[in-house]
Amino acid sequence: MDKAEKQLLFKEVMGNYPTGVTIVTGVSEDGTPVGLTVNSFASVSLDPLMILWSIDHGVSTIKAFTEGGKFAVHVLAGEQQDLCKTFATKGVDRFSQCKWEMSETGLPIIEAAFGVFECETFQAVEAGDHTVLIGNVTNIRLDKEKDPMLYHRRCFGPIPAEFYNYVK
């Protein structure tokens, strides 16, 4: 199997792996809020609390995240599909399309997410065409009235109610 075939197969397998969807926010050097849609997100540690996500080296705002020292990961709520699309679209004023506020730690926090992790960058690891950012969680927000968004086969939306009918 050649490289191109492996990459296509890799994308197919990864696209069939269900995940949540997040928006990661930070600030540029001049204090402008930046953000992007991310599904490469995972927990790392409970003690201390740590999470990770990865960013493509081709993203225009990469330095705001790799050199900014902090970031916020918003676990999107099931009904936030439009916001998910907005933060995945290039060339739009993403923050004009949503309600947000600056946190006490100087991070843009988007309203109505299922959950938010505010983090200080612990480590940035170069890995192929991405940088993996590991963060120490400094603050957590949770809206228990909401359900998180699900991403599967290039589609995203709320978790189907019938999902909860399966045996636990």
# chains A, B, ... in the order shown; residues from 1 in each chain; ligands from 1
call {"tool": "closest_atom_pairs", "arguments": {"of": "range 105-163 of chain A", "to": "range 15-26 of chain A", "cutoff": "10 Å", "atoms": "only C-alpha atoms", "output": "JSON lines"}}
result
{"residue": "A:Gly106", "atom": "CA", "partner": "A:Gly26", "partner_atom": "CA", "distance": 8.4}
{"residue": "A:Leu107", "atom": "CA", "partner": "A:Gly26", "partner_atom": "CA", "distance": 5.7}
{"residue": "A:Pro108", "atom": "CA", "partner": "A:Thr25", "partner_atom": "CA", "distance": 6.2}
{"residue": "A:Ile109", "atom": "CA", "partner": "A:Thr25", "partner_atom": "CA", "distance": 7.4}
{"residue": "A:Ile110", "atom": "CA", "partner": "A:Thr25", "partner_atom": "CA", "distance": 8.6}
{"residue": "A:Ala113", "atom": "CA", "partner": "A:Thr22", "partner_atom": "CA", "distance": 9.0}
{"residue": "A:Phe114", "atom": "CA", "partner": "A:Thr22", "partner_atom": "CA", "distance": 9.7}
{"residue": "A:Gly115", "atom": "CA", "partner": "A:Thr22", "partner_atom": "CA", "distance": 9.4}
{"residue": "A:Val116", "atom": "CA", "partner": "A:Thr22", "partner_atom": "CA", "distance": 9.2}
{"residue": "A:Phe117", "atom": "CA", "partner": "A:Val24", "partner_atom": "CA", "distance": 9.4}
{"residue": "A:Glu118", "atom": "CA", "partner": "A:Thr25", "partner_atom": "CA", "distance": 9.4}
{"residue": "A:Cys119", "atom": "CA", "partner": "A:Gly26", "partner_atom": "CA", "distance": 10.0}
{"residue": "A:Pro148", "atom": "CA", "partner": "A:Gly20", "partner_atom": "CA", "distance": 7.0}
{"residue": "A:Met149", "atom": "CA", "partner": "A:Gly20", "partner_atom": "CA", "distance": 5.6}
{"residue": "A:Leu150", "atom": "CA", "partner": "A:Gly20", "partner_atom": "CA", "distance": 4.7}
{"residue": "A:Tyr151", "atom": "CA", "partner": "A:Thr19", "partner_atom": "CA", "distance": 5.2}
{"residue": "A:His152", "atom": "CA", "partner": "A:Pro18", "partner_atom": "CA", "distance": 4.7}
{"residue": "A:Arg153", "atom": "CA", "partner": "A:Gly15", "partner_atom": "CA", "distance": 5.0}
{"residue": "A:Arg154", "atom": "CA", "partner": "A:Gly15", "partner_atom": "CA", "distance": 6.3}
{"residue": "A:Cys155", "atom": "CA", "partner": "A:Gly15", "partner_atom": "CA", "distance": 9.3}
{"residue": "A:Phe156", "atom": "CA", "partner": "A:Val21", "partner_atom": "CA", "distance": 8.0}
{"residue": "A:Gly157", "atom": "CA", "partner": "A:Val21", "partner_atom": "CA", "distance": 9.2}
{"residue": "A:Pro158", "atom": "CA", "partner": "A:Gly20", "partner_atom": "CA", "distance": 9.8}
{"residue": "A:Ile159", "atom": "CA", "partner": "A:Gly20", "partner_atom": "CA", "distance": 9.6}
call {"tool": "closest_residue", "arguments": {"among": "A:Gln123, A:Gln81, A:Thr89, A:Thr131", "to": "Leu36 in chain A", "atoms": "only C-alpha atoms"}}
result
A:Thr89
call {"tool": "residues_around", "arguments": {"residues": "Ala127 in chain A", "least_positions_apart": "4", "cutoff": "12 Å", "atoms": "only C-alpha atoms", "output": "ChimeraX atom specification"}}
result
/A:53-57,131-133
call {"tool": "write_last_selection", "arguments": {"atoms": "C-alpha atoms", "output": "compact mmCIF listing (two decimals), in the first residue's frame"}}
result
# COMPACT_ATOMS: atom_id res chain seq x y z
CA TRP A 53 -5.53 18.73 21.75
CA SER A 54 -3.67 19.14 18.48
CA ILE A 55 -3.37 21.94 15.94
CA ASP A 56 -2.34 21.70 12.28
CA HIS A 57 0.86 23.58 11.44
CA THR A 131 1.57 20.29 17.42
CA VAL A 132 0.03 18.57 20.42
CA LEU A 133 -0.76 21.03 23.20
call {"tool": "atom_distance", "arguments": {"atom1": "CA of Asp147 in chain A", "atom2": "CA of Ser43 in chain A"}}
result
18.3 Å
call {"tool": "atom_distance", "arguments": {"atom1": "CA of Ile51 in chain A", "atom2": "CA of Val73 in chain A"}}
result
9.1 Å
call {"tool": "atom_distance", "arguments": {"atom1": "CA of Leu142 in chain A", "atom2": "CA of Phe95 in chain A"}}
result
20.9 Å
call {"tool": "select_by_dssp", "arguments": {"residues": "range 23-121 of chain A", "states": "alpha helix (DSSP H)", "output": "ChimeraX atom specification"}}
result
/A:62-66,81-86
call {"tool": "closest_residue", "arguments": {"among": "A:Ala72, A:Leu9, A:Cys84, A:Val27", "to": "Asn39 in chain A", "atoms": "only C-alpha atoms"}}
result
A:Cys84
call {"tool": "closest_residue", "arguments": {"among": "A:Val44, A:Glu29, A:Ala4, A:Asp93", "to": "Gly69 in chain A", "atoms": "only C-alpha atoms"}}
result
A:Glu29
call {"tool": "closest_residue", "arguments": {"among": "A:Asp129, A:Val38, A:Glu111, A:Lys90", "to": "Ala77 in chain A", "atoms": "only C-alpha atoms"}}
result
A:Glu111
call {"tool": "closest_residue", "arguments": {"among": "A:Phe87, A:Phe71, A:Tyr164, A:Phe10", "to": "Thr37 in chain A", "atoms": "only C-alpha atoms"}}
result
A:Phe87
call {"tool": "closest_residue", "arguments": {"among": "A:Val137, A:Val34, A:Val125, A:Met102", "to": "Gly68 in chain A", "atoms": "only C-alpha atoms"}}
result
A:Val34
call {"tool": "residues_around", "arguments": {"residues": "Ala112 in chain A", "least_positions_apart": "4", "cutoff": "12 Å", "atoms": "only C-alpha atoms", "output": "PDB file with C-alpha atoms, in the first residue's frame"}}
result
ATOM      1  CA  HIS A  74     -15.147  24.393  24.907  1.00  0.00           C
ATOM      2  CA  VAL A  75     -16.923  21.026  24.701  1.00  0.00           C
ATOM      3  CA  LEU A  76     -19.799  21.975  22.418  1.00  0.00           C
ATOM      4  CA  ALA A  77     -23.430  21.345  23.274  1.00  0.00           C
ATOM      5  CA  GLY A  78     -25.517  19.286  20.875  1.00  0.00           C
ATOM      6  CA  GLU A  79     -27.388  22.303  19.531  1.00  0.00           C
ATOM      7  CA  GLN A  80     -24.249  24.310  18.648  1.00  0.00           C
ATOM      8  CA  LEU A  83     -21.116  27.635  15.925  1.00  0.00           C
ATOM      9  CA  CYS A  98     -21.484  34.204  19.056  1.00  0.00           C
ATOM     10  CA  LYS A  99     -21.862  35.507  22.572  1.00  0.00           C
ATOM     11  CA  TRP A 100     -18.651  35.405  24.559  1.00  0.00           C
ATOM     12  CA  GLU A 101     -16.838  37.126  27.387  1.00  0.00           C
ATOM     13  CA  VAL A 116     -15.253  24.576  29.299  1.00  0.00           C
ATOM     14  CA  ARG A 141     -17.373  25.057  33.790  1.00  0.00           C
ATOM     15  CA  LEU A 142     -20.244  22.604  33.184  1.00  0.00           C
ATOM     16  CA  ASP A 143     -23.854  23.116  32.101  1.00  0.00           C
ATOM     17  CA  LYS A 144     -25.640  20.018  33.431  1.00  0.00           C
ATOM     18  CA  GLU A 145     -28.799  20.999  31.527  1.00  0.00           C
ATOM     19  CA  LYS A 146     -27.090  20.357  28.172  1.00  0.00           C
ATOM     20  CA  ASP A 147     -25.811  17.308  26.309  1.00  0.00           C
ATOM     21  CA  PRO A 148     -22.531  17.314  24.362  1.00  0.00           C
TER      22      PRO A 148
END
call {"tool": "select_by_dssp", "arguments": {"residues": "range 17-152 of chain A", "states": "strand (DSSP E or B)", "output": "ChimeraX atom specification"}}
result
/A:19,22-27,33-38,41-46,49-56,70-75,77,100-102,108-110,115-127,130-142,148-152
